[in-house]
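This report concerns only the one structure given below.
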Amino acid sequence: MWRRLGALIRKEFQQLLHDWPILFILMWAFSGAIYVAGHAVRIEVNNYPTVILDMSRSVQSRELVSLIRAPYFKIVDYASNDDEVVRFLDSGKASLAVVIPPDFERSVVTGSGQFQIISDGTISQTSIMATSYIAHIAGVYNLQLMTQRLGVTPQEMANIPQVDARIRVEYNPNVDNVWFISLLEMLNMITMVSMLLTAAAMVREKVYGTLEQLLVSPLRPMELFIAKIIPTVVIILLMSLVSLFVIVQGIFHTPIRGSLLLFYSVMAIYVFSVSSLGLLVAVFARNLAQAMMTLFLILMPMLFLSGAFTPPESMAPWMQYASLVSPMRYFMDFGYQVLFKGNGIAYVWHDILGIFALGSAMFALSVWGFRRQLG
Amino acid sequence: MLDRSLAIIRKETRELLRDPIYLGMAFVIPVVLMLLFGYGLSMDVKHLPIAFVDHERSPYSRDYIDSFVNSDYFDFIGLLDDPEQADHWMRSGRARVIIDIPPDFGRKLTSNKPTTIGVTVDGSFPTRAGVIIAYVTAINAQYNERLLSNFASQLGRSGQLRAPVQVNTSYWYNPTLESINMIVPGMMVLILMLFPAILGALVVVREKESGTIFNLYASPVYRWEIILGKAVPYITVAFLDYLIIFAMSIFLFQVRFTGSFWVLSSAALLYSICTIGIGLLFSIIMRTQLSAMLITFLATVTPAFNYSGFLSPVSSMDQLGQFIAHLIPATYFMEVVRGVYLKGLGLGFFWPNLLALTIYTLVVYSLAWSLLIKRIR
């Protein structure tokens, strides 16, 4: 049995290694594509494009404007009238406008100062964050004014009952999104490639008619399946090493805290189980186009339910249940816990169990489907 | 002259209709994606599990804890005694934020002294961490305001501590701040990028794999007739997908729609022609279906998702980011879609975008045209 399997695996490897466009694309998927995705989010939370309309042009208004600054805000321009502000917001060149009325200076002195912010609510979450930063800035400005006015000395400040919340962000002290996205993109690629690559290898045999030859050989379906999956597992392991060390850790400085041995052994099981799912689809598809479309239909919800778009605890109940049958949910949790938090097996055993159980079920299902379709 | 193109169109259409599973998928997948993202993608981070390590256990510390428990954002999951257990909860993800209250919390506040609490936030999901920080800061600030006004009235100086400056906030374009108004039109842009491109990517390369491409090479048709004939049926499918997505956005998701359907539709048609063209281009370059498909996927999805302005405004990106953003058609279409849906802008505002899309389309098809010849010879 091992000799037969060995020969078949060798054939699969040869086929894969001769297909240099695919190898090139895979290289890109595991390096360039991750870099491109990571670069985008690097700047996402910062530099919120802001336009200022300062009709007061006073010391007070300038003081206020000086607080609106990088890294949160980027002042794209100073408008001179309302129409300009509207144009900036309409065209999307600015997403936030700060409008300071002409009587700002006088009203601040009397304690009834007001200024207006107009926020583009299209991207609601970001827009709420931006306005809450402005509210915070207004608070700081108020505190400055009040202490000036009351003539409070720093010593007296120490005698005011206040709670100082010292926030420490565990695992990612600067809340750098790129650490998250670069790993996410890698885990996505692992999932996508293991499914598509294996399915394509199987459909190709069907379309070219070479599957019949394999069927009349003394190979058993089980062996055929394992031989189709092994090259995918190996190539993904190698490629993901590149992305992990060169891109994720090398370029983006994402800390890898956990055991690589643990990560890679579970990843091998994961790739195996997702590949089985690819094979299952390939067994029933009539041509590659059909197989690819079906795989997309499966992949999209999987990526979506993985917990990367919406954290699992914020999902609607139906989504939480649906995500239980997606191996990716367990793999994402596992990947972040091990690589990023540095957790050991004591924290991730249930993820491993989930991947293993779903993987065996899918492998059994695809062997059954194969026998039914072609046996 | 158009006869030959028409013949190819007829042949492609028949091929599409003969594979009902494939054709069905072309309509089912966009619908499924819309349903998933429309109903499932929640940008509102709520129900964050919060735990407290209360070293004081006094009415003061309890009062402080209550200010968090009573908010919608946090789900109280427990009061812990030792920091080791807190570490365990943080590691396992059971708690996403843990607040540590010192043993002299109430004593300091009652003696009019500032005190410090420790807040530990799980940073493994940065967006969530950012939101947690914003919520904690806001709740803490409210608590401080209460402390301060109590303090001021003790001193009989409450009038002087009123904040001299107020902020008036108004939200334009999406006044209710519903994320569905952002997600559904955004998804239209992404789906019409990815999906037509994938459909187009298989068209030519499929014939290469099965060898029937030589029939086309040998037949007396011009290159542009082949491209036209191959593209038209798929552009029709893509445009039908657009109409379905549009109907879903209005009738199912009831997205705010303030602009003109005709402006949106003409931009969508142009965009579909463009994205089908991108697929065709890869289909002409690559030699296997799998490679054509993978490269199309990589070249369309990741850039469109990250750079089109879907999740963050293009103008907040750095120079390289803005450059990439303007290299992809999704950015131009995103501005039109959001502008029509939410901002109610007219054609006068969009002609630069439509012009950019037209130029883009022309470039893509000329490239496809010029690369097709190499294979014939």
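Residue names in the structure tokens use chain letters A, B, ... in the order shown, residue numbers from 1 in each chain, and ligand numbers from 1 in the order shown.
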### Task
Check every residue of chain A for an atom within 6 Å of chain B, counting only C-alpha atoms, and provide those that qualify as a PyMOL selection string.
chain A and resi 22+40+43+47-49+93+108+111-124+142+159-172+175+177+290+297+314
### Query
What lies within 12 Å of A:Pro317 using only C-alpha atoms, ignoring chain neighbours under 4 positions off, as a VMD selection string?
(chain A and resid 305 312 to 313 321 to 324) or (chain B and resid 39 to 40)
File of the preceding selection, N, CA and C atoms, as a compact mmCIF listing (two decimals), in the first residue's frame:
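Everything below was put into again.txt:
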# COMPACT_ATOMS: atom_id res chain seq x y z
N LEU A 305 -18.06 33.69 8.68
CA LEU A 305 -18.41 33.24 10.03
C LEU A 305 -17.18 32.93 10.88
N PRO A 312 -16.92 36.73 17.63
CA PRO A 312 -17.97 35.74 17.91
C PRO A 312 -19.00 36.21 18.93
N GLU A 313 -18.57 36.92 19.98
CA GLU A 313 -19.55 37.28 21.00
C GLU A 313 -20.52 38.36 20.53
N TYR A 321 -24.46 29.80 16.04
CA TYR A 321 -24.70 28.37 15.84
C TYR A 321 -24.15 27.92 14.50
N ALA A 322 -24.40 28.73 13.45
CA ALA A 322 -23.93 28.34 12.12
C ALA A 322 -22.41 28.21 12.10
N SER A 323 -21.74 29.05 12.86
CA SER A 323 -20.27 29.02 12.81
C SER A 323 -19.71 27.75 13.44
N LEU A 324 -20.51 27.05 14.21
CA LEU A 324 -20.01 25.84 14.86
C LEU A 324 -19.64 24.75 13.86
N TYR B 39 -27.47 40.81 6.72
CA TYR B 39 -28.04 40.47 8.02
C TYR B 39 -26.98 40.20 9.07
N GLY B 40 -25.82 39.73 8.62
CA GLY B 40 -24.86 39.22 9.59
C GLY B 40 -23.74 40.15 9.96
#### Entry: Atomic separation - atom CA of A:Val193 relative to atom CA of A:Gly342, Å
25.8 Å
### Task
Select from stretch 140-214 of chain B everything DSSP, run on the backbone, classes as alpha helix (DSSP H), then give the selection as a PyMOL selection string.
chain B and resi 140-155+180-210+213-214
### Task
Do a neighbour search on B:Ser58 at 10 Å with only C-alpha atoms, toss out local chain neighbours closer than 3 positions, and write the hits as a VMD selection string.
chain B and resid 54 to 55 61 to 64 103 to 107
May I have the residues from that selection written out with C-alpha atoms, as a PDB file, in the first residue's frame?
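Printed below is selection_13.pdb as written:
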ATOM      1  CA  ASP B  54     -12.364  44.436  43.164  1.00  0.00           C
ATOM      2  CA  HIS B  55      -9.821  44.731  45.958  1.00  0.00           C
ATOM      3  CA  SER B  61     -16.257  50.375  44.121  1.00  0.00           C
ATOM      4  CA  ARG B  62     -19.665  48.790  43.565  1.00  0.00           C
ATOM      5  CA  ASP B  63     -21.013  52.122  42.362  1.00  0.00           C
ATOM      6  CA  TYR B  64     -18.170  52.380  39.900  1.00  0.00           C
ATOM      7  CA  PRO B 103      -8.022  48.542  47.869  1.00  0.00           C
ATOM      8  CA  ASP B 104      -8.018  52.281  48.648  1.00  0.00           C
ATOM      9  CA  PHE B 105     -10.389  53.278  45.806  1.00  0.00           C
ATOM     10  CA  GLY B 106     -13.268  54.675  47.874  1.00  0.00           C
ATOM     11  CA  ARG B 107     -11.054  55.972  50.644  1.00  0.00           C
TER      12      ARG B 107
END
### Task
Would you work out the distance separating atom CA of A:Thr232 from atom CA of A:Leu197, expressed in Å to one decimal?
6.8 Å
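A straight line drawn from atom CA of A:Phe73 to atom CA of A:Gly92 is 14.9 Å long.
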Can you pull out the residues contacting A:Val242? Cut-off 12 Å, using only C-alpha atoms, and skip same-chain residues under 2 positions away; I want them as a PDB file with all heavy atoms, in the first residue's frame.
ATOM      1  N   LEU A  26       0.628  31.223  -6.100  1.00  0.00           N
ATOM      2  CA  LEU A  26       0.606  30.846  -4.684  1.00  0.00           C
ATOM      3  C   LEU A  26       1.625  31.660  -3.896  1.00  0.00           C
ATOM      4  O   LEU A  26       1.359  32.117  -2.784  1.00  0.00           O
ATOM      5  CB  LEU A  26       0.890  29.353  -4.515  1.00  0.00           C
ATOM      6  CG  LEU A  26      -0.217  28.414  -4.994  1.00  0.00           C
ATOM      7  CD1 LEU A  26       0.165  26.969  -4.729  1.00  0.00           C
ATOM      8  CD2 LEU A  26      -1.538  28.735  -4.314  1.00  0.00           C
ATOM      9  N   MET A  27       2.783  31.865  -4.496  1.00  0.00           N
ATOM     10  CA  MET A  27       3.808  32.680  -3.835  1.00  0.00           C
ATOM     11  C   MET A  27       3.251  34.075  -3.555  1.00  0.00           C
ATOM     12  O   MET A  27       3.422  34.629  -2.474  1.00  0.00           O
ATOM     13  CB  MET A  27       5.038  32.827  -4.745  1.00  0.00           C
ATOM     14  CG  MET A  27       6.213  31.911  -4.501  1.00  0.00           C
ATOM     15  SD  MET A  27       6.376  31.320  -2.831  1.00  0.00           S
ATOM     16  CE  MET A  27       7.249  32.625  -2.042  1.00  0.00           C
ATOM     17  N   TRP A  28       2.606  34.628  -4.563  1.00  0.00           N
ATOM     18  CA  TRP A  28       2.018  35.965  -4.412  1.00  0.00           C
ATOM     19  C   TRP A  28       0.948  35.948  -3.311  1.00  0.00           C
ATOM     20  O   TRP A  28       0.897  36.833  -2.465  1.00  0.00           O
ATOM     21  CB  TRP A  28       1.437  36.449  -5.742  1.00  0.00           C
ATOM     22  CG  TRP A  28       0.645  37.706  -5.590  1.00  0.00           C
ATOM     23  CD1 TRP A  28      -0.711  37.820  -5.555  1.00  0.00           C
ATOM     24  CD2 TRP A  28       1.154  39.027  -5.411  1.00  0.00           C
ATOM     25  NE1 TRP A  28      -1.078  39.126  -5.364  1.00  0.00           N
ATOM     26  CE2 TRP A  28       0.049  39.892  -5.276  1.00  0.00           C
ATOM     27  CE3 TRP A  28       2.446  39.580  -5.343  1.00  0.00           C
ATOM     28  CZ2 TRP A  28       0.180  41.266  -5.079  1.00  0.00           C
ATOM     29  CZ3 TRP A  28       2.575  40.948  -5.153  1.00  0.00           C
ATOM     30  CH2 TRP A  28       1.470  41.777  -5.027  1.00  0.00           C
ATOM     31  N   ALA A  29       0.102  34.911  -3.328  1.00  0.00           N
ATOM     32  CA  ALA A  29      -0.976  34.832  -2.344  1.00  0.00           C
ATOM     33  C   ALA A  29      -0.418  34.855  -0.928  1.00  0.00           C
ATOM     34  O   ALA A  29      -0.976  35.472  -0.029  1.00  0.00           O
ATOM     35  CB  ALA A  29      -1.794  33.556  -2.561  1.00  0.00           C
ATOM     36  N   PHE A  30       0.721  34.179  -0.744  1.00  0.00           N
ATOM     37  CA  PHE A  30       1.260  34.075   0.604  1.00  0.00           C
ATOM     38  C   PHE A  30       2.275  35.170   0.939  1.00  0.00           C
ATOM     39  O   PHE A  30       2.847  35.163   2.013  1.00  0.00           O
ATOM     40  CB  PHE A  30       1.883  32.692   0.816  1.00  0.00           C
ATOM     41  CG  PHE A  30       0.851  31.644   1.119  1.00  0.00           C
ATOM     42  CD1 PHE A  30       0.370  30.810   0.125  1.00  0.00           C
ATOM     43  CD2 PHE A  30       0.342  31.516   2.397  1.00  0.00           C
ATOM     44  CE1 PHE A  30      -0.600  29.862   0.409  1.00  0.00           C
ATOM     45  CE2 PHE A  30      -0.621  30.573   2.684  1.00  0.00           C
ATOM     46  CZ  PHE A  30      -1.093  29.746   1.691  1.00  0.00           C
ATOM     47  N   SER A  31       2.538  36.075  -0.005  1.00  0.00           N
ATOM     48  CA  SER A  31       3.460  37.164   0.337  1.00  0.00           C
ATOM     49  C   SER A  31       2.870  38.525  -0.058  1.00  0.00           C
ATOM     50  O   SER A  31       2.389  39.265   0.796  1.00  0.00           O
ATOM     51  CB  SER A  31       4.815  36.929  -0.337  1.00  0.00           C
ATOM     52  OG  SER A  31       4.649  36.828  -1.735  1.00  0.00           O
ATOM     53  N   GLY A  32       2.856  38.808  -1.335  1.00  0.00           N
ATOM     54  CA  GLY A  32       2.404  40.116  -1.805  1.00  0.00           C
ATOM     55  C   GLY A  32       0.988  40.456  -1.379  1.00  0.00           C
ATOM     56  O   GLY A  32       0.723  41.561  -0.903  1.00  0.00           O
ATOM     57  N   ILE A  34      -0.691  39.439   1.112  1.00  0.00           N
ATOM     58  CA  ILE A  34      -0.765  39.726   2.549  1.00  0.00           C
ATOM     59  C   ILE A  34      -0.182  41.102   2.827  1.00  0.00           C
ATOM     60  O   ILE A  34      -0.711  41.871   3.632  1.00  0.00           O
ATOM     61  CB  ILE A  34      -0.025  38.625   3.348  1.00  0.00           C
ATOM     62  CG1 ILE A  34      -0.723  37.286   3.139  1.00  0.00           C
ATOM     63  CG2 ILE A  34       0.043  38.980   4.827  1.00  0.00           C
ATOM     64  CD1 ILE A  34      -0.053  36.121   3.802  1.00  0.00           C
ATOM     65  N   MET A 186      -3.243  35.601   6.239  1.00  0.00           N
ATOM     66  CA  MET A 186      -2.527  34.338   6.078  1.00  0.00           C
ATOM     67  C   MET A 186      -3.462  33.158   6.333  1.00  0.00           C
ATOM     68  O   MET A 186      -3.495  32.199   5.563  1.00  0.00           O
ATOM     69  CB  MET A 186      -1.337  34.292   7.039  1.00  0.00           C
ATOM     70  CG  MET A 186      -0.423  33.140   6.764  1.00  0.00           C
ATOM     71  SD  MET A 186       0.903  33.049   7.973  1.00  0.00           S
ATOM     72  CE  MET A 186       0.198  31.920   9.158  1.00  0.00           C
ATOM     73  N   ILE A 235       2.711  21.918   0.387  1.00  0.00           N
ATOM     74  CA  ILE A 235       2.999  23.204  -0.243  1.00  0.00           C
ATOM     75  C   ILE A 235       2.485  24.358   0.609  1.00  0.00           C
ATOM     76  O   ILE A 235       3.130  25.402   0.732  1.00  0.00           O
ATOM     77  CB  ILE A 235       2.442  23.236  -1.687  1.00  0.00           C
ATOM     78  CG1 ILE A 235       3.246  24.236  -2.526  1.00  0.00           C
ATOM     79  CG2 ILE A 235       1.007  23.656  -1.750  1.00  0.00           C
ATOM     80  CD1 ILE A 235       3.794  23.659  -3.752  1.00  0.00           C
ATOM     81  N   ILE A 236       1.354  24.152   1.259  1.00  0.00           N
ATOM     82  CA  ILE A 236       0.822  25.224   2.106  1.00  0.00           C
ATOM     83  C   ILE A 236       1.691  25.413   3.342  1.00  0.00           C
ATOM     84  O   ILE A 236       1.944  26.543   3.765  1.00  0.00           O
ATOM     85  CB  ILE A 236      -0.645  24.949   2.476  1.00  0.00           C
ATOM     86  CG1 ILE A 236      -1.506  25.167   1.235  1.00  0.00           C
ATOM     87  CG2 ILE A 236      -1.114  25.863   3.589  1.00  0.00           C
ATOM     88  CD1 ILE A 236      -2.949  24.934   1.456  1.00  0.00           C
ATOM     89  N   LEU A 237       2.178  24.323   3.901  1.00  0.00           N
ATOM     90  CA  LEU A 237       3.063  24.450   5.058  1.00  0.00           C
ATOM     91  C   LEU A 237       4.285  25.282   4.691  1.00  0.00           C
ATOM     92  O   LEU A 237       4.667  26.210   5.401  1.00  0.00           O
ATOM     93  CB  LEU A 237       3.510  23.070   5.549  1.00  0.00           C
ATOM     94  CG  LEU A 237       2.484  22.247   6.325  1.00  0.00           C
ATOM     95  CD1 LEU A 237       3.034  20.878   6.657  1.00  0.00           C
ATOM     96  CD2 LEU A 237       2.088  22.957   7.602  1.00  0.00           C
ATOM     97  N   LEU A 238       4.883  24.973   3.525  1.00  0.00           N
ATOM     98  CA  LEU A 238       6.089  25.697   3.116  1.00  0.00           C
ATOM     99  C   LEU A 238       5.790  27.171   2.857  1.00  0.00           C
ATOM    100  O   LEU A 238       6.490  28.059   3.331  1.00  0.00           O
ATOM    101  CB  LEU A 238       6.680  25.054   1.856  1.00  0.00           C
ATOM    102  CG  LEU A 238       7.299  23.665   2.060  1.00  0.00           C
ATOM    103  CD1 LEU A 238       7.784  23.094   0.741  1.00  0.00           C
ATOM    104  CD2 LEU A 238       8.452  23.759   3.063  1.00  0.00           C
ATOM    105  N   MET A 239       4.714  27.411   2.099  1.00  0.00           N
ATOM    106  CA  MET A 239       4.400  28.789   1.738  1.00  0.00           C
ATOM    107  C   MET A 239       4.034  29.618   2.965  1.00  0.00           C
ATOM    108  O   MET A 239       4.379  30.785   3.065  1.00  0.00           O
ATOM    109  CB  MET A 239       3.233  28.810   0.759  1.00  0.00           C
ATOM    110  CG  MET A 239       3.550  28.104  -0.527  1.00  0.00           C
ATOM    111  SD  MET A 239       3.639  29.273  -1.857  1.00  0.00           S
ATOM    112  CE  MET A 239       4.225  28.264  -3.183  1.00  0.00           C
ATOM    113  N   SER A 240       3.317  28.994   3.894  1.00  0.00           N
ATOM    114  CA  SER A 240       2.896  29.772   5.057  1.00  0.00           C
ATOM    115  C   SER A 240       4.095  30.086   5.954  1.00  0.00           C
ATOM    116  O   SER A 240       4.085  31.089   6.662  1.00  0.00           O
ATOM    117  CB  SER A 240       1.816  29.039   5.835  1.00  0.00           C
ATOM    118  OG  SER A 240       2.339  27.871   6.392  1.00  0.00           O
ATOM    119  N   LEU A 244       4.710  33.746   7.187  1.00  0.00           N
ATOM    120  CA  LEU A 244       4.792  34.000   8.621  1.00  0.00           C
ATOM    121  C   LEU A 244       6.086  34.728   8.977  1.00  0.00           C
ATOM    122  O   LEU A 244       6.073  35.704   9.724  1.00  0.00           O
ATOM    123  CB  LEU A 244       4.688  32.675   9.383  1.00  0.00           C
ATOM    124  CG  LEU A 244       4.380  32.786  10.865  1.00  0.00           C
ATOM    125  CD1 LEU A 244       3.075  33.507  11.078  1.00  0.00           C
ATOM    126  CD2 LEU A 244       4.308  31.406  11.499  1.00  0.00           C
ATOM    127  N   PHE A 245       7.195  34.265   8.411  1.00  0.00           N
ATOM    128  CA  PHE A 245       8.470  34.849   8.827  1.00  0.00           C
ATOM    129  C   PHE A 245       8.856  36.085   8.033  1.00  0.00           C
ATOM    130  O   PHE A 245       9.400  37.028   8.595  1.00  0.00           O
ATOM    131  CB  PHE A 245       9.580  33.791   8.774  1.00  0.00           C
ATOM    132  CG  PHE A 245       9.436  32.806   9.888  1.00  0.00           C
ATOM    133  CD1 PHE A 245       8.981  31.521   9.649  1.00  0.00           C
ATOM    134  CD2 PHE A 245       9.698  33.185  11.193  1.00  0.00           C
ATOM    135  CE1 PHE A 245       8.802  30.630  10.690  1.00  0.00           C
ATOM    136  CE2 PHE A 245       9.528  32.303  12.240  1.00  0.00           C
ATOM    137  CZ  PHE A 245       9.075  31.024  11.991  1.00  0.00           C
ATOM    138  N   VAL A 246       8.563  36.093   6.741  1.00  0.00           N
ATOM    139  CA  VAL A 246       8.993  37.241   5.934  1.00  0.00           C
ATOM    140  C   VAL A 246       8.004  38.402   6.045  1.00  0.00           C
ATOM    141  O   VAL A 246       8.398  39.542   6.261  1.00  0.00           O
ATOM    142  CB  VAL A 246       9.189  36.822   4.456  1.00  0.00           C
ATOM    143  CG1 VAL A 246       9.595  38.025   3.621  1.00  0.00           C
ATOM    144  CG2 VAL A 246      10.238  35.737   4.370  1.00  0.00           C
ATOM    145  N   ILE A 247       6.724  38.101   5.902  1.00  0.00           N
ATOM    146  CA  ILE A 247       5.745  39.202   5.865  1.00  0.00           C
ATOM    147  C   ILE A 247       5.227  39.527   7.266  1.00  0.00           C
ATOM    148  O   ILE A 247       5.399  40.636   7.766  1.00  0.00           O
ATOM    149  CB  ILE A 247       4.562  38.867   4.936  1.00  0.00           C
ATOM    150  CG1 ILE A 247       5.047  38.430   3.564  1.00  0.00           C
ATOM    151  CG2 ILE A 247       3.633  40.058   4.829  1.00  0.00           C
ATOM    152  CD1 ILE A 247       5.703  39.487   2.735  1.00  0.00           C
ATOM    153  N   VAL A 248       4.601  38.547   7.884  1.00  0.00           N
ATOM    154  CA  VAL A 248       3.909  38.829   9.145  1.00  0.00           C
ATOM    155  C   VAL A 248       4.895  39.295  10.215  1.00  0.00           C
ATOM    156  O   VAL A 248       4.707  40.338  10.853  1.00  0.00           O
ATOM    157  CB  VAL A 248       3.127  37.581   9.614  1.00  0.00           C
ATOM    158  CG1 VAL A 248       2.516  37.819  10.977  1.00  0.00           C
ATOM    159  CG2 VAL A 248       2.049  37.227   8.607  1.00  0.00           C
ATOM    160  N   GLN A 249       5.970  38.526  10.380  1.00  0.00           N
ATOM    161  CA  GLN A 249       6.926  38.898  11.418  1.00  0.00           C
ATOM    162  C   GLN A 249       7.983  39.859  10.883  1.00  0.00           C
ATOM    163  O   GLN A 249       8.317  40.845  11.533  1.00  0.00           O
ATOM    164  CB  GLN A 249       7.589  37.630  11.971  1.00  0.00           C
ATOM    165  CG  GLN A 249       8.210  37.850  13.329  1.00  0.00           C
ATOM    166  CD  GLN A 249       8.830  36.575  13.862  1.00  0.00           C
ATOM    167  OE1 GLN A 249       9.370  35.770  13.098  1.00  0.00           O
ATOM    168  NE2 GLN A 249       8.778  36.386  15.160  1.00  0.00           N
ATOM    169  N   GLY A 250       8.489  39.579   9.676  1.00  0.00           N
ATOM    170  CA  GLY A 250       9.587  40.371   9.134  1.00  0.00           C
ATOM    171  C   GLY A 250       9.192  41.801   8.833  1.00  0.00           C
ATOM    172  O   GLY A 250       9.810  42.739   9.332  1.00  0.00           O
ATOM    173  N   ILE A 251       8.151  41.991   8.027  1.00  0.00           N
ATOM    174  CA  ILE A 251       7.822  43.345   7.579  1.00  0.00           C
ATOM    175  C   ILE A 251       6.904  44.044   8.567  1.00  0.00           C
ATOM    176  O   ILE A 251       7.090  45.211   8.892  1.00  0.00           O
ATOM    177  CB  ILE A 251       7.195  43.307   6.169  1.00  0.00           C
ATOM    178  CG1 ILE A 251       8.252  42.848   5.171  1.00  0.00           C
ATOM    179  CG2 ILE A 251       6.665  44.688   5.786  1.00  0.00           C
ATOM    180  CD1 ILE A 251       7.810  42.802   3.746  1.00  0.00           C
TER     181      ILE A 251
END
### Task
Taking the chain letters and numbering used in this document, name the residues of stretch 50-245 of chain A that DSSP puts in strand (DSSP E or B), as a count of residues only.
32
